[in-house]
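This report concerns only the one structure given below.
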Amino acid sequence: MFNSISNTILSEEIHDKVFLSTIENSLAIGSWELDIKSNVLKWSSVTKKIHEVEDSYIPDIDTAINFYKAGSNRDLINKHFTECLTNGKSFDNEFQLITAKGNEKWVRSIGHPKLEEGICVAIRGVFQDITKKTIEAKNTALKEKQFRSIFESSLIGMAIVSLTGKWLNVNDSTCNMLGYTQKEFLKLEFESFTHPKDKHIGKKEIKLMLSGKIDNFRTEKRYIHKNGSCVYCILSSTIVRDSNGIPQHFVACISDVTEIKLAKNEITNLLTVSSKQNDRLLNFAHIVSHNLRSHGGNLEMLLKLNKDENPEIAEDEYFPLYEKAVDNLNETILNLNEIAIHNSLDNENLESLNLLQYTNNAISNIYGLTLSNTVDIEVLIEKQITIKGVPAYIDSIIINFLTNAIKYKRSDVKTKIILEAKQNSDNVILSISDNGLGIDLEKHGDKLFGMYNVFHKNKDARGLGLFIVKNQIDAIGAKIEVESTVGKGTNFKIYFDYK
């Protein structure tokens with residue numbers, strides 16, 4: 001009978017141990033016990049697994065303490081054991097330990113004293129591996145710290161807004177942007193600062209975020225500054241959810257784009273004005289080209305009638321010059337009319353033009369000016385050289401450079417102008433040099449081709465010639481360089497495309 005009872009008790013103890021072992025393994029919580037009288041330390045299988053030792057490992061108090069990381073962790077566990085032994089004080093704390101395999105882990109160790117007549121005779125406790133949870137918590141804490149740092153120091157306005165639209169936190173940039181203090185912000189809702197006409201913006205997206213269909217959105221929105229002015233902003237809003245996906249709050253980033261918006265509006269207005277002015281200029285060009293064509297034709301007819309009625313007048317040395325001048329005038333008017341009709345230039349509008357022919361035409365057009373000013377013009381251009389351009393522009397470019405060279409001549413020397421063309425693999429380079437007054441490029445180089453800029457005291461100077469020339473050169477895809485020395489002369493180089 002006694003054997004039966006004894007076996008029953010033994011069977012229950014084994015059952016309890018199996019049950020406790022199952023719980024330990026399923027919860028990954030180990031147990032330990034230190035018998036003070038015998039100085040025997042016992043670890044459960046889970047505790048041994050946490051320490052990464054074999055199941056056959058037999059711990060002792062000295063080696064067990066040494067598993068704790070040297071320094072504050074080992075000092076703290078020693079302190080807890082001392083207080084538990086001397087004062088019967090329980091402990092529950094987190095520690096770092098180094099396992100038998102050299103791995104670093106975070107553990108939670110709990111210890112309770114077993115007292116007999118007020119004296120601690122044993123310490124029992126549990127042991128849990130909390131490495132994953134601790135690392136996650138530290139990473140979360142680090143991310144929160146980084147977010148706070150970014151939030152507080154960001155030059156962009158940032159705010160945390162509740163799901164109902166109430167401000168929970170704002171940074172200094174938001175306060176500076178809208179003119180309110182942080183306390184004033186936290187008393188009001190997000191909509192309080194929104195421009196009345198923009199209050200509908202974002203409502204649809206907020207519903208989609210709350211329903212889980214989107215996580216963020218970006219939009220342009222206006223807000224009202226404390227002083228009543230309008231602040232144009234780019235709003236980026238993101239919803240923050242907890243680990244279960246439940247929405248917690250919104251994080252809003254607000255960028256002030258007022259200056260950009262106002263500048264854009266100003267540019268739009270300027271473009272509108274420019275477009276209207278261009279239309280008026282185009283109409284003006286049509287009218288001028290049409291009327292000039294009538295006058296040019298009239299001059300040509302009068303010269304022809306005069307020649308028919310007075311044949312002897314053709315013997316006058318100037319009469320052929322008049323005829324040539326009128327022919328050139330009519331050709332120029334025809335070219336200007338073409339530009340008025342086709343006011344946008346691209347490669348299809350550019351023609352292949354003989355450079356020598358247009359140079360000679362230009363010289364012929366200012367023959368009277370060169371004759372009266374005793375100007376020597378030398379042309380060094382081969383007959384076969386062609387360039388890509390617009391006839392009226394090429395006329396204008398060459399004539400402007402020739403007349404400028406004559407206008408700004410030196411009185412102490414005979415004026416000489418040299419036109420020379422060279423062709424390389426990419427361009428035809430037309431060089432127009434003179435021995436005139438020259439230009440101080442250090443002083444005037446950056447405004448040489450500006451409108452209404454004059455660099456010499458000349459009553460006829462209007463500051464338009466080089467401005468017009470530069471625009472015409474740009475329009476046909478050419479480029480220009482200039483070299484000049486005051487008191488010696490100027491050399492302009494124009495790089496034309498010829499392919």
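Naming works like this for the structure tokens: A, B, ... for the chains as they're shown, residue 1 at the start of each chain, ligands 1 onward in shown order.
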
Practice item. Write out as a list of chain:residue names the residues lying within 8 Å of A:Tyr393, counting only C-alpha atoms and excluding same-chain residues fewer than 4 positions away. Key: A:Gly389, A:Ile397, A:Gln472, A:Ile473

Selected residues written out, N, CA and C atoms, as a short mmCIF file (atom, residue, chain, number, x, y, z; two decimals), in the first residue's frame:
data_model
loop_
_atom_site.label_atom_id
_atom_site.label_comp_id
_atom_site.auth_asym_id
_atom_site.auth_seq_id
_atom_site.Cartn_x
_atom_site.Cartn_y
_atom_site.Cartn_z
N GLY A 389 21.43 80.82 -93.50
CA GLY A 389 20.89 82.01 -92.88
C GLY A 389 19.60 82.46 -93.52
N ILE A 397 23.04 92.13 -90.79
CA ILE A 397 24.24 91.89 -89.98
C ILE A 397 25.46 92.56 -90.60
N GLN A 472 19.72 88.68 -84.31
CA GLN A 472 19.64 88.04 -85.62
C GLN A 472 20.63 86.88 -85.72
N ILE A 473 21.81 87.06 -85.16
CA ILE A 473 22.81 85.99 -85.16
C ILE A 473 22.32 84.79 -84.36
#

Practice item. Would you list the contacts of A:Gly368 as a list in words, taking every protein, DNA or RNA residue within 12 Å and counting only C-alpha atoms, but skipping same-chain residues closer than 5 positions in sequence? Key: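 The residues that qualify are Tyr318, Leu321, Tyr322, Ala325, Ala362, Ile363, Asn373, Thr374, Val375, Thr403 and Ile406 of chain A.
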
Residue selection dump (C-alpha atoms) as an mmCIF file, in the first residue's frame:
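See result.cif below for the written result:
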data_model
loop_
_atom_site.group_PDB
_atom_site.id
_atom_site.type_symbol
_atom_site.label_atom_id
_atom_site.label_comp_id
_atom_site.auth_asym_id
_atom_site.auth_seq_id
_atom_site.Cartn_x
_atom_site.Cartn_y
_atom_site.Cartn_z
ATOM 1 C CA TYR A 318 25.585 107.877 -110.264
ATOM 2 C CA LEU A 321 24.183 103.298 -108.426
ATOM 3 C CA TYR A 322 20.626 104.593 -107.939
ATOM 4 C CA ALA A 325 20.318 100.789 -104.607
ATOM 5 C CA ALA A 362 25.868 95.224 -98.425
ATOM 6 C CA ILE A 363 28.878 97.253 -99.579
ATOM 7 C CA ASN A 373 33.888 109.058 -95.564
ATOM 8 C CA THR A 374 36.780 107.856 -97.748
ATOM 9 C CA VAL A 375 36.618 104.302 -96.486
ATOM 10 C CA THR A 403 28.151 101.258 -90.746
ATOM 11 C CA ILE A 406 32.434 103.927 -90.278
#

**Study point:** Contacts of A:Asn171 within 8 Å, only C-alpha atoms, excl. fewer than 2 positions in-chain, as a list of chain:residue names
**Key:**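 What passes the distance filter is A:Phe151, A:Glu152, A:Ser153, A:Ser154, A:Gly157, A:Met158, A:Ala159, A:Asn169, A:Ser173, A:Thr174, A:Cys175, A:Gln182.
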
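A straight line drawn from atom CA of A:Ile239 to atom CA of A:Asn176 is 24.2 Å long.
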
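Minimum distance to A:Trp167 across A:Val126, A:Val231, A:Leu188, A:Ala263 (counting only C-alpha atoms) occurs at A:Leu188.
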
Exercise for review: Pick out the closest residue to A:Lys488 from this set: A:Thr415, A:Ser425, A:Asn66, A:Asn298. Count only C-alpha atoms.
Suggested key: A:Thr415
